[in-house]
Amino acid sequence: MSALLKSLVGASEKSARIAQLCRQEEALFQLLIEEKTGTDKNKKFVQDFKTLADVLIQEVIKHDVGKEFPELHGHICGEESNKFENSLGETLVVQVCTTQRDTASLLFKILDRNQPAAELLAAAIHQEVALQDPALDTVALAIPPERLAIWIDPIDSTNQYIRGQASVAPIGGICPSGLRSALVLIGAYDRSSGDPVLGVINEPFFREDPLTHRWQGVYHWGISYQGTSLCSLSRPPLRPEPSVVLSRSETPAIQRVLRPLYGERLLFASGAGYKMLCVILGLAEAYVLSEGSTFKWDSCAPHAILRALGGGMVDLEAALQAWRAGQRGALPELTYSQPAGGAVGAERWANRGGLVAFMHREHLEVVLATLATAAL
Ligand code: 2IP
Ligand code: CA
Ligand code: CA
């Protein structure tokens, strides 16, 4: 298990470096934006961008992890398609080639013959990442990789990544917007049960060095499998004055119902993954989302970490239904192996019933009891 965990952490570190590089080289970054079209379009945004950085990172993770674990071949999926259209209208398939030179020449075509950009990226893609983290060596849990599959969100909170605000003052410990909410999310789930098993969250824009102005990142991981839980973080306490974090586009009805429960501690932030991370870090007791605007690749990694710490993530619609029917035992958590029936494109993998991410079961119950009796 230690080998798979190390591989996923290593892939997240390489991904973070590529994300930083694309942001740090403003000229490079401007080259990399392309508008999403067709059924892959996230219906939430009028203008939704995917970046070459997104596509590249996903392919790098697929390539590096797939090479080490052939059992995972065909079971590593993500948000992005690896087809990219350059400004000449040519559709090219983004992939990591055997040599740095070959990758550079493929990127040269994708990047409209921009040699420096292609070489910079190819070097980052083929760079060896040396992990210096003894904690990773102590993980002695055997999970056969052939039982797992992987969801990747190469960059979550793309809008904030593109906007690129470096310093946004936190409110109640939570950054409402900015680069801090751009995360790399890699989650593994059990192919047969669909349960989340292993999660890695990498924060590429955790801190900006005041002297060099270079970004420093940080990563977190968690494993929850057949009763064994391991995590790089410790379980945060349930605070006497809990807070909730919501999307800025959360419905007025939900905000109105939750307001009496939290008062001033009803907070807003960008990025689905970032809001889940806030619950993991104990900056919020819950993240409530009433709409189907997140996807399996958003929630798998944070969900695995939440479970490793004794928390979880329920399907809001299903949990409310169960709660109203008097069910007080296990509530329906999100699972990751089944597409939604009757949907097409990215929608197949949407968490359609919304969600609640929580750390403490007693707090989840407070949220459900409040929502279940409200007129929504
Ligand atoms: C998005 C991103 C958005 C989020 C949306 C996700 O993923 O995390 O920020 O909306 O649900 O699907 P919000 O910020 O309102 O929570 P991506 O950036 O990968 O498209
Ligand atoms: Ca996302
Ligand atoms: Ca994304």
# chains A, B, ... in the order shown; residues from 1 in each chain; ligands from 1
>>> residues_around(residues="A:Thr138", least_positions_apart="6", cutoff="12 Å", atoms="only C-alpha atoms", output="MDAnalysis selection string")
chainID A and resid 1:3 5:6 230:232
>>> residues_near_ligand(ligand="ligand 1", cutoff="7 Å", atoms="only C-alpha atoms and all ligand atoms", output="list in words")
Asn42, Asp153, Ile155, Asp156, Ser157, Thr158, Asn159, Ser247, Arg248, Ser249, Ala269, Ser270, Gly271, Ala272, Gly273, Ser293, Thr294, Phe295 and Asp298 of chain A
>>> write_last_selection(atoms="all heavy atoms", output="short mmCIF file (atom, residue, chain, number, x, y, z; two decimals), in the first residue's frame")
data_model
loop_
_atom_site.label_atom_id
_atom_site.label_comp_id
_atom_site.auth_asym_id
_atom_site.auth_seq_id
_atom_site.Cartn_x
_atom_site.Cartn_y
_atom_site.Cartn_z
N ASN A 42 -19.45 22.19 -18.06
CA ASN A 42 -20.04 22.22 -16.74
C ASN A 42 -21.14 23.27 -16.79
O ASN A 42 -20.88 24.45 -16.99
CB ASN A 42 -18.97 22.60 -15.71
CG ASN A 42 -19.50 22.66 -14.30
OD1 ASN A 42 -20.71 22.71 -14.09
ND2 ASN A 42 -18.62 22.67 -13.35
N ASP A 153 -9.13 14.89 -10.35
CA ASP A 153 -9.43 16.26 -10.80
C ASP A 153 -8.08 16.96 -10.82
O ASP A 153 -7.53 17.31 -9.78
CB ASP A 153 -10.42 16.97 -9.88
CG ASP A 153 -10.89 18.30 -10.52
OD1 ASP A 153 -10.21 18.77 -11.46
OD2 ASP A 153 -11.90 18.84 -10.07
N ILE A 155 -7.01 19.91 -11.73
CA ILE A 155 -7.07 21.20 -11.03
C ILE A 155 -8.54 21.46 -10.71
O ILE A 155 -9.36 21.56 -11.61
CB ILE A 155 -6.53 22.37 -11.90
CG1 ILE A 155 -5.04 22.16 -12.21
CG2 ILE A 155 -6.73 23.71 -11.16
CD1 ILE A 155 -4.45 23.24 -13.09
N ASP A 156 -8.84 21.50 -9.42
CA ASP A 156 -10.19 21.88 -9.04
C ASP A 156 -10.17 23.38 -8.76
O ASP A 156 -9.16 23.92 -8.32
CB ASP A 156 -10.62 21.10 -7.78
CG ASP A 156 -12.06 21.41 -7.42
OD1 ASP A 156 -12.92 21.38 -8.32
OD2 ASP A 156 -12.32 21.72 -6.24
N SER A 157 -11.32 24.03 -9.02
CA SER A 157 -11.43 25.49 -8.90
C SER A 157 -10.65 26.19 -10.02
O SER A 157 -9.91 27.14 -9.78
CB SER A 157 -10.93 25.96 -7.52
OG SER A 157 -11.56 27.15 -7.15
N THR A 158 -10.85 25.69 -11.23
CA THR A 158 -10.16 26.23 -12.41
C THR A 158 -10.37 27.74 -12.55
O THR A 158 -9.44 28.45 -12.95
CB THR A 158 -10.70 25.56 -13.70
OG1 THR A 158 -10.96 24.21 -13.41
CG2 THR A 158 -9.71 25.67 -14.82
N ASN A 159 -11.58 28.20 -12.23
CA ASN A 159 -11.86 29.63 -12.37
C ASN A 159 -10.90 30.47 -11.52
O ASN A 159 -10.37 31.48 -12.00
CB ASN A 159 -13.30 29.93 -11.92
CG ASN A 159 -14.28 29.62 -13.01
OD1 ASN A 159 -13.97 28.86 -13.93
ND2 ASN A 159 -15.46 30.21 -12.94
N SER A 247 -21.17 27.12 -1.21
CA SER A 247 -20.85 27.75 -2.49
C SER A 247 -21.55 29.10 -2.53
O SER A 247 -22.63 29.26 -1.97
CB SER A 247 -21.37 26.87 -3.63
OG SER A 247 -21.43 27.62 -4.82
N ARG A 248 -20.90 30.05 -3.20
CA ARG A 248 -21.53 31.36 -3.32
C ARG A 248 -22.85 31.26 -4.11
O ARG A 248 -23.72 32.10 -3.98
CB ARG A 248 -20.56 32.32 -4.02
CG ARG A 248 -20.65 33.72 -3.50
CD ARG A 248 -19.40 34.53 -3.78
NE ARG A 248 -18.39 34.35 -2.75
CZ ARG A 248 -17.28 33.66 -2.90
NH1 ARG A 248 -17.02 33.06 -4.03
NH2 ARG A 248 -16.42 33.56 -1.92
N SER A 249 -22.97 30.20 -4.90
CA SER A 249 -24.20 30.05 -5.68
C SER A 249 -25.22 29.12 -5.00
O SER A 249 -26.17 28.67 -5.62
CB SER A 249 -23.88 29.55 -7.09
OG SER A 249 -23.26 28.29 -7.00
N ALA A 269 -16.98 29.96 0.08
CA ALA A 269 -15.67 29.77 -0.55
C ALA A 269 -15.83 29.18 -1.93
O ALA A 269 -16.83 28.50 -2.22
CB ALA A 269 -14.79 28.87 0.32
N SER A 270 -14.85 29.43 -2.78
CA SER A 270 -14.81 28.83 -4.12
C SER A 270 -14.19 27.45 -4.04
O SER A 270 -13.38 27.19 -3.15
CB SER A 270 -13.93 29.68 -5.04
OG SER A 270 -14.52 30.91 -5.27
N GLY A 271 -14.51 26.63 -5.01
CA GLY A 271 -13.86 25.32 -5.11
C GLY A 271 -14.55 24.28 -4.25
O GLY A 271 -14.59 24.39 -3.02
N ALA A 272 -15.10 23.26 -4.90
CA ALA A 272 -15.75 22.19 -4.15
C ALA A 272 -14.72 21.45 -3.30
O ALA A 272 -14.95 21.17 -2.11
CB ALA A 272 -16.43 21.24 -5.13
N GLY A 273 -13.56 21.14 -3.89
CA GLY A 273 -12.51 20.42 -3.16
C GLY A 273 -12.01 21.24 -1.98
O GLY A 273 -11.78 20.70 -0.90
N SER A 293 -23.84 19.99 -8.72
CA SER A 293 -22.78 20.66 -9.48
C SER A 293 -21.38 20.16 -9.17
O SER A 293 -20.40 20.74 -9.63
CB SER A 293 -22.86 22.17 -9.22
OG SER A 293 -22.87 22.40 -7.83
N THR A 294 -21.27 19.08 -8.38
CA THR A 294 -19.94 18.47 -8.22
C THR A 294 -19.95 17.09 -8.88
O THR A 294 -21.01 16.54 -9.18
CB THR A 294 -19.53 18.30 -6.73
OG1 THR A 294 -20.40 17.33 -6.13
CG2 THR A 294 -19.60 19.61 -5.97
N PHE A 295 -18.76 16.55 -9.07
CA PHE A 295 -18.60 15.30 -9.80
C PHE A 295 -17.77 14.32 -8.96
O PHE A 295 -17.19 14.70 -7.95
CB PHE A 295 -17.91 15.59 -11.13
CG PHE A 295 -18.72 16.53 -11.99
CD1 PHE A 295 -18.59 17.91 -11.86
CD2 PHE A 295 -19.66 16.04 -12.88
CE1 PHE A 295 -19.37 18.78 -12.62
CE2 PHE A 295 -20.45 16.91 -13.64
CZ PHE A 295 -20.30 18.28 -13.51
N ASP A 298 -14.41 15.36 -8.01
CA ASP A 298 -14.29 16.40 -6.99
C ASP A 298 -14.28 15.79 -5.59
O ASP A 298 -13.56 16.26 -4.71
CB ASP A 298 -15.51 17.36 -7.04
CG ASP A 298 -15.53 18.24 -8.26
OD1 ASP A 298 -14.49 18.82 -8.58
OD2 ASP A 298 -16.60 18.34 -8.91
#
>>> atom_distance(atom1="atom CA of A:Ser105", atom2="atom CA of A:Ala122")
8.8 Å
>>> residues_around(residues="A:His220", least_positions_apart="4", cutoff="10 Å", atoms="only C-alpha atoms", output="PDB file with all heavy atoms, in the first residue's frame")
ATOM      1  N   VAL A   9       1.007  10.246  -4.134  1.00  0.00           N
ATOM      2  CA  VAL A   9       1.531  11.495  -3.559  1.00  0.00           C
ATOM      3  C   VAL A   9       2.572  12.098  -4.513  1.00  0.00           C
ATOM      4  O   VAL A   9       2.566  13.299  -4.789  1.00  0.00           O
ATOM      5  CB  VAL A   9       2.138  11.248  -2.151  1.00  0.00           C
ATOM      6  CG1 VAL A   9       2.914  12.470  -1.673  1.00  0.00           C
ATOM      7  CG2 VAL A   9       1.041  10.913  -1.146  1.00  0.00           C
ATOM      8  N   GLY A 199      -7.210   8.896  -0.495  1.00  0.00           N
ATOM      9  CA  GLY A 199      -7.293  10.232  -1.088  1.00  0.00           C
ATOM     10  C   GLY A 199      -6.015  11.022  -0.890  1.00  0.00           C
ATOM     11  O   GLY A 199      -5.373  10.925   0.160  1.00  0.00           O
ATOM     12  N   VAL A 200      -5.642  11.777  -1.943  1.00  0.00           N
ATOM     13  CA  VAL A 200      -4.530  12.723  -1.832  1.00  0.00           C
ATOM     14  C   VAL A 200      -5.049  14.085  -2.293  1.00  0.00           C
ATOM     15  O   VAL A 200      -5.631  14.206  -3.366  1.00  0.00           O
ATOM     16  CB  VAL A 200      -3.320  12.315  -2.706  1.00  0.00           C
ATOM     17  CG1 VAL A 200      -2.216  13.369  -2.610  1.00  0.00           C
ATOM     18  CG2 VAL A 200      -2.787  10.949  -2.317  1.00  0.00           C
ATOM     19  N   ILE A 201      -4.866  15.090  -1.437  1.00  0.00           N
ATOM     20  CA  ILE A 201      -5.195  16.472  -1.814  1.00  0.00           C
ATOM     21  C   ILE A 201      -3.903  17.259  -1.790  1.00  0.00           C
ATOM     22  O   ILE A 201      -3.204  17.267  -0.773  1.00  0.00           O
ATOM     23  CB  ILE A 201      -6.184  17.123  -0.820  1.00  0.00           C
ATOM     24  CG1 ILE A 201      -7.510  16.364  -0.790  1.00  0.00           C
ATOM     25  CG2 ILE A 201      -6.423  18.593  -1.190  1.00  0.00           C
ATOM     26  CD1 ILE A 201      -8.544  16.952   0.174  1.00  0.00           C
ATOM     27  N   ASN A 202      -3.571  17.876  -2.908  1.00  0.00           N
ATOM     28  CA  ASN A 202      -2.368  18.697  -2.959  1.00  0.00           C
ATOM     29  C   ASN A 202      -2.781  20.158  -3.124  1.00  0.00           C
ATOM     30  O   ASN A 202      -3.618  20.480  -3.971  1.00  0.00           O
ATOM     31  CB  ASN A 202      -1.471  18.241  -4.114  1.00  0.00           C
ATOM     32  CG  ASN A 202      -0.027  18.685  -3.908  1.00  0.00           C
ATOM     33  OD1 ASN A 202       0.231  19.863  -3.663  1.00  0.00           O
ATOM     34  ND2 ASN A 202       0.899  17.747  -4.011  1.00  0.00           N
ATOM     35  N   GLU A 203      -2.213  21.024  -2.299  1.00  0.00           N
ATOM     36  CA  GLU A 203      -2.471  22.474  -2.380  1.00  0.00           C
ATOM     37  C   GLU A 203      -1.233  23.140  -2.988  1.00  0.00           C
ATOM     38  O   GLU A 203      -0.305  23.487  -2.258  1.00  0.00           O
ATOM     39  CB  GLU A 203      -2.687  23.068  -0.981  1.00  0.00           C
ATOM     40  CG  GLU A 203      -3.815  22.478  -0.176  1.00  0.00           C
ATOM     41  CD  GLU A 203      -4.007  23.248   1.148  1.00  0.00           C
ATOM     42  OE1 GLU A 203      -4.346  24.435   1.114  1.00  0.00           O
ATOM     43  OE2 GLU A 203      -3.793  22.641   2.202  1.00  0.00           O
ATOM     44  N   CYS A 231      -3.991   8.461   8.312  1.00  0.00           N
ATOM     45  CA  CYS A 231      -4.105   9.796   7.733  1.00  0.00           C
ATOM     46  C   CYS A 231      -2.902  10.660   8.105  1.00  0.00           C
ATOM     47  O   CYS A 231      -2.307  10.473   9.165  1.00  0.00           O
ATOM     48  CB  CYS A 231      -5.394  10.454   8.246  1.00  0.00           C
ATOM     49  SG  CYS A 231      -5.836  11.942   7.346  1.00  0.00           S
ATOM     50  N   SER A 232      -2.571  11.597   7.216  1.00  0.00           N
ATOM     51  CA  SER A 232      -1.466  12.521   7.505  1.00  0.00           C
ATOM     52  C   SER A 232      -1.911  13.614   8.472  1.00  0.00           C
ATOM     53  O   SER A 232      -1.085  14.365   8.973  1.00  0.00           O
ATOM     54  CB  SER A 232      -0.977  13.154   6.203  1.00  0.00           C
ATOM     55  OG  SER A 232      -2.016  13.908   5.601  1.00  0.00           O
ATOM     56  N   LEU A 233      -3.203  13.704   8.722  1.00  0.00           N
ATOM     57  CA  LEU A 233      -3.742  14.752   9.596  1.00  0.00           C
ATOM     58  C   LEU A 233      -4.407  14.107  10.805  1.00  0.00           C
ATOM     59  O   LEU A 233      -4.742  12.920  10.765  1.00  0.00           O
ATOM     60  CB  LEU A 233      -4.806  15.562   8.841  1.00  0.00           C
ATOM     61  CG  LEU A 233      -4.324  16.361   7.634  1.00  0.00           C
ATOM     62  CD1 LEU A 233      -5.495  16.688   6.718  1.00  0.00           C
ATOM     63  CD2 LEU A 233      -3.630  17.637   8.076  1.00  0.00           C
ATOM     64  N   LEU A 277     -11.923  20.347   1.919  1.00  0.00           N
ATOM     65  CA  LEU A 277     -10.674  20.438   2.682  1.00  0.00           C
ATOM     66  C   LEU A 277     -10.884  21.242   3.973  1.00  0.00           C
ATOM     67  O   LEU A 277     -10.307  20.912   5.016  1.00  0.00           O
ATOM     68  CB  LEU A 277      -9.566  21.073   1.816  1.00  0.00           C
ATOM     69  CG  LEU A 277      -8.207  21.270   2.485  1.00  0.00           C
ATOM     70  CD1 LEU A 277      -7.580  19.941   2.899  1.00  0.00           C
ATOM     71  CD2 LEU A 277      -7.248  22.025   1.547  1.00  0.00           C
ATOM     72  N   ILE A 280     -12.149  18.920   6.438  1.00  0.00           N
ATOM     73  CA  ILE A 280     -11.061  18.013   6.841  1.00  0.00           C
ATOM     74  C   ILE A 280     -10.143  18.691   7.863  1.00  0.00           C
ATOM     75  O   ILE A 280      -9.714  18.080   8.839  1.00  0.00           O
ATOM     76  CB  ILE A 280     -10.251  17.571   5.588  1.00  0.00           C
ATOM     77  CG1 ILE A 280     -11.109  16.637   4.718  1.00  0.00           C
ATOM     78  CG2 ILE A 280      -8.928  16.909   5.972  1.00  0.00           C
ATOM     79  CD1 ILE A 280     -10.527  16.343   3.345  1.00  0.00           C
ATOM     80  N   LEU A 281      -9.865  19.974   7.641  1.00  0.00           N
ATOM     81  CA  LEU A 281      -8.937  20.702   8.515  1.00  0.00           C
ATOM     82  C   LEU A 281      -9.615  21.250   9.775  1.00  0.00           C
ATOM     83  O   LEU A 281      -8.960  21.850  10.618  1.00  0.00           O
ATOM     84  CB  LEU A 281      -8.289  21.863   7.742  1.00  0.00           C
ATOM     85  CG  LEU A 281      -7.410  21.467   6.544  1.00  0.00           C
ATOM     86  CD1 LEU A 281      -6.969  22.700   5.774  1.00  0.00           C
ATOM     87  CD2 LEU A 281      -6.194  20.662   6.990  1.00  0.00           C
ATOM     88  N   ALA A 301     -11.351  11.974  -3.500  1.00  0.00           N
ATOM     89  CA  ALA A 301     -10.168  12.111  -2.621  1.00  0.00           C
ATOM     90  C   ALA A 301     -10.539  12.715  -1.259  1.00  0.00           C
ATOM     91  O   ALA A 301     -10.204  12.131  -0.213  1.00  0.00           O
ATOM     92  CB  ALA A 301      -9.082  12.936  -3.311  1.00  0.00           C
ATOM     93  N   PRO A 302     -11.260  13.867  -1.237  1.00  0.00           N
ATOM     94  CA  PRO A 302     -11.619  14.412   0.078  1.00  0.00           C
ATOM     95  C   PRO A 302     -12.478  13.450   0.904  1.00  0.00           C
ATOM     96  O   PRO A 302     -12.306  13.347   2.118  1.00  0.00           O
ATOM     97  CB  PRO A 302     -12.419  15.680  -0.266  1.00  0.00           C
ATOM     98  CG  PRO A 302     -12.008  16.051  -1.649  1.00  0.00           C
ATOM     99  CD  PRO A 302     -11.673  14.764  -2.339  1.00  0.00           C
ATOM    100  N   ILE A 305     -10.356  10.906   2.663  1.00  0.00           N
ATOM    101  CA  ILE A 305      -9.641  11.492   3.813  1.00  0.00           C
ATOM    102  C   ILE A 305     -10.611  11.723   4.975  1.00  0.00           C
ATOM    103  O   ILE A 305     -10.300  11.425   6.132  1.00  0.00           O
ATOM    104  CB  ILE A 305      -8.912  12.803   3.418  1.00  0.00           C
ATOM    105  CG1 ILE A 305      -7.901  12.522   2.297  1.00  0.00           C
ATOM    106  CG2 ILE A 305      -8.228  13.425   4.629  1.00  0.00           C
ATOM    107  CD1 ILE A 305      -7.135  13.737   1.794  1.00  0.00           C
TER     108      ILE A 305
END
>>> residues_around(residues="A:Arg348", least_positions_apart="6", cutoff="9 Å", atoms="only C-alpha atoms", output="list in words")
Phe295, Gln338, Pro339, Ala340, Gly341 and Gly342 of chain A
>>> residues_near_ligand(ligand="ligand 3", cutoff="12 Å", atoms="only C-alpha atoms and all ligand atoms", output="VMD selection string")
chain A and resid 19 36 40 to 42 48 to 58 78 to 81 151 to 162 181 to 186 271 to 273 294 to 299 346
>>> closest_residue(among="A:Val244, A:Thr212, A:Leu261, A:His73", to="A:Gly173", atoms="only C-alpha atoms")
A:Val244
>>> closest_residue(among="A:Thr373, A:Thr98, A:Ser337, A:Asn351", to="ligand 2", atoms="only C-alpha atoms and all ligand atoms")
A:Asn351
>>> closest_residue(among="A:Glu291, A:Gly326, A:Ser229, A:Val218", to="A:Val139", atoms="only C-alpha atoms")
A:Ser229
>>> closest_residue(among="A:Leu88, A:Ile76, A:Val93, A:Leu283", to="A:Arg191", atoms="only C-alpha atoms")
A:Ile76
>>> residues_around(residues="A:Gln165", least_positions_apart="5", cutoff="9 Å", atoms="only C-alpha atoms", output="JSON list (two decimals) with N, CA, C and O atoms, in the first residue's frame")
[["chain", "number", "residue", "atom", "x", "y", "z"],
["A", 160, "GLN", "N", -10.71, 30.03, -10.27],
["A", 160, "GLN", "CA", -9.80, 30.77, -9.39],
["A", 160, "GLN", "C", -8.36, 30.60, -9.86],
["A", 160, "GLN", "O", -7.55, 31.51, -9.73],
["A", 177, "SER", "N", -11.90, 33.14, -1.80],
["A", 177, "SER", "CA", -11.56, 32.94, -3.22],
["A", 177, "SER", "C", -10.04, 32.93, -3.34],
["A", 177, "SER", "O", -9.34, 32.92, -2.33],
["A", 178, "GLY", "N", -9.55, 32.97, -4.58],
["A", 178, "GLY", "CA", -8.11, 33.05, -4.79],
["A", 178, "GLY", "C", -7.45, 31.71, -5.10],
["A", 178, "GLY", "O", -8.10, 30.66, -5.08],
["A", 179, "LEU", "N", -6.15, 31.80, -5.36],
["A", 179, "LEU", "CA", -5.39, 30.61, -5.77],
["A", 179, "LEU", "C", -5.37, 29.50, -4.72],
["A", 179, "LEU", "O", -5.21, 28.33, -5.08],
["A", 180, "ARG", "N", -5.54, 29.89, -3.43],
["A", 180, "ARG", "CA", -5.52, 28.86, -2.39],
["A", 180, "ARG", "C", -6.55, 27.75, -2.65],
["A", 180, "ARG", "O", -6.36, 26.61, -2.23]]
>>> closest_residue(among="A:Gln20, A:Gln321, A:Ser7, A:Gln95", to="A:Ala130", atoms="only C-alpha atoms")
A:Ser7
>>> residues_around(residues="A:Val367", least_positions_apart="2", cutoff="10 Å", atoms="only C-alpha atoms", output="PyMOL selection string")
chain A and resi 244+257-258+261+286+288+320+356+358+361-365+369-372
>>> write_last_selection(atoms="C-alpha atoms", output="PDB file, in the first residue's frame")
ATOM      1  CA  VAL A 244     -20.616  25.773   7.676  1.00  0.00           C
ATOM      2  CA  VAL A 257     -32.662  27.682   6.669  1.00  0.00           C
ATOM      3  CA  LEU A 258     -29.038  27.315   7.796  1.00  0.00           C
ATOM      4  CA  LEU A 261     -27.964  27.439  13.044  1.00  0.00           C
ATOM      5  CA  ALA A 286     -19.941  20.961   7.378  1.00  0.00           C
ATOM      6  CA  VAL A 288     -23.656  21.598   2.446  1.00  0.00           C
ATOM      7  CA  LEU A 320     -32.816  13.595   3.733  1.00  0.00           C
ATOM      8  CA  VAL A 356     -23.007  17.105   2.970  1.00  0.00           C
ATOM      9  CA  PHE A 358     -18.961  16.336   7.711  1.00  0.00           C
ATOM     10  CA  ARG A 361     -21.835  12.435  12.908  1.00  0.00           C
ATOM     11  CA  GLU A 362     -23.660  14.410  15.619  1.00  0.00           C
ATOM     12  CA  HIS A 363     -23.229  17.557  13.579  1.00  0.00           C
ATOM     13  CA  LEU A 364     -24.467  15.873  10.397  1.00  0.00           C
ATOM     14  CA  GLU A 365     -27.583  14.947  12.354  1.00  0.00           C
ATOM     15  CA  ALA A 369     -32.761  17.536  11.224  1.00  0.00           C
ATOM     16  CA  THR A 370     -32.778  21.240  10.330  1.00  0.00           C
ATOM     17  CA  LEU A 371     -33.130  20.679   6.591  1.00  0.00           C
ATOM     18  CA  ALA A 372     -35.630  17.828   6.927  1.00  0.00           C
TER      19      ALA A 372
END
>>> closest_residue(among="A:Ile171, A:Ala16, A:Leu120, A:Ile223", to="A:Asp190", atoms="only C-alpha atoms")
A:Ile223
>>> residues_around(residues="A:Ala124", least_positions_apart="2", cutoff="12 Å", atoms="only C-alpha atoms", output="VMD selection string")
chain A and resid 11 13 to 22 53 56 to 57 60 96 100 103 to 104 117 to 122 126 to 129
>>> select_by_dssp(residues="stretch 110-221 of chain A", states="strand (DSSP E or B)", output="PyMOL selection string")
chain A and resi 148-156+171+174+183-190+196-208+215-221
>>> write_last_selection(atoms="C-alpha atoms", output="mmCIF file, in the first residue's frame")
data_model
loop_
_atom_site.group_PDB
_atom_site.id
_atom_site.type_symbol
_atom_site.label_atom_id
_atom_site.label_comp_id
_atom_site.auth_asym_id
_atom_site.auth_seq_id
_atom_site.Cartn_x
_atom_site.Cartn_y
_atom_site.Cartn_z
ATOM 1 C CA LEU A 148 -9.088 -0.163 -7.000
ATOM 2 C CA ALA A 149 -9.872 2.528 -9.566
ATOM 3 C CA ILE A 150 -8.926 6.191 -9.582
ATOM 4 C CA TRP A 151 -10.663 9.536 -10.074
ATOM 5 C CA ILE A 152 -8.531 12.586 -10.846
ATOM 6 C CA ASP A 153 -9.426 16.255 -10.795
ATOM 7 C CA PRO A 154 -6.146 17.671 -12.118
ATOM 8 C CA ILE A 155 -7.074 21.200 -11.035
ATOM 9 C CA ASP A 156 -10.189 21.883 -9.035
ATOM 10 C CA ILE A 171 -12.554 34.877 6.957
ATOM 11 C CA ILE A 174 -11.309 30.147 5.179
ATOM 12 C CA LEU A 183 -6.234 21.927 -5.661
ATOM 13 C CA VAL A 184 -5.038 18.673 -7.207
ATOM 14 C CA LEU A 185 -7.390 15.840 -6.187
ATOM 15 C CA ILE A 186 -6.531 12.154 -6.613
ATOM 16 C CA GLY A 187 -8.891 9.596 -5.108
ATOM 17 C CA ALA A 188 -8.939 5.794 -5.243
ATOM 18 C CA TYR A 189 -12.118 3.783 -4.720
ATOM 19 C CA ASP A 190 -13.033 0.132 -4.433
ATOM 20 C CA PRO A 196 -13.661 5.734 -1.389
ATOM 21 C CA VAL A 197 -10.444 4.150 -0.107
ATOM 22 C CA LEU A 198 -7.473 6.492 -0.538
ATOM 23 C CA GLY A 199 -7.293 10.232 -1.088
ATOM 24 C CA VAL A 200 -4.530 12.723 -1.832
ATOM 25 C CA ILE A 201 -5.195 16.472 -1.814
ATOM 26 C CA ASN A 202 -2.368 18.697 -2.959
ATOM 27 C CA GLU A 203 -2.471 22.474 -2.380
ATOM 28 C CA PRO A 204 0.006 23.903 -4.935
ATOM 29 C CA PHE A 205 -0.638 27.483 -3.817
ATOM 30 C CA PHE A 206 -0.447 27.004 -0.067
ATOM 31 C CA ARG A 207 2.093 29.760 0.580
ATOM 32 C CA GLU A 208 4.004 32.307 -1.457
ATOM 33 C CA TRP A 215 4.804 29.095 -4.540
ATOM 34 C CA GLN A 216 5.159 26.418 -1.907
ATOM 35 C CA GLY A 217 2.680 23.585 -1.736
ATOM 36 C CA VAL A 218 1.505 21.089 0.843
ATOM 37 C CA TYR A 219 -0.236 17.710 0.590
ATOM 38 C CA HIS A 220 -2.572 15.645 2.735
ATOM 39 C CA TRP A 221 -3.539 11.990 2.431
#
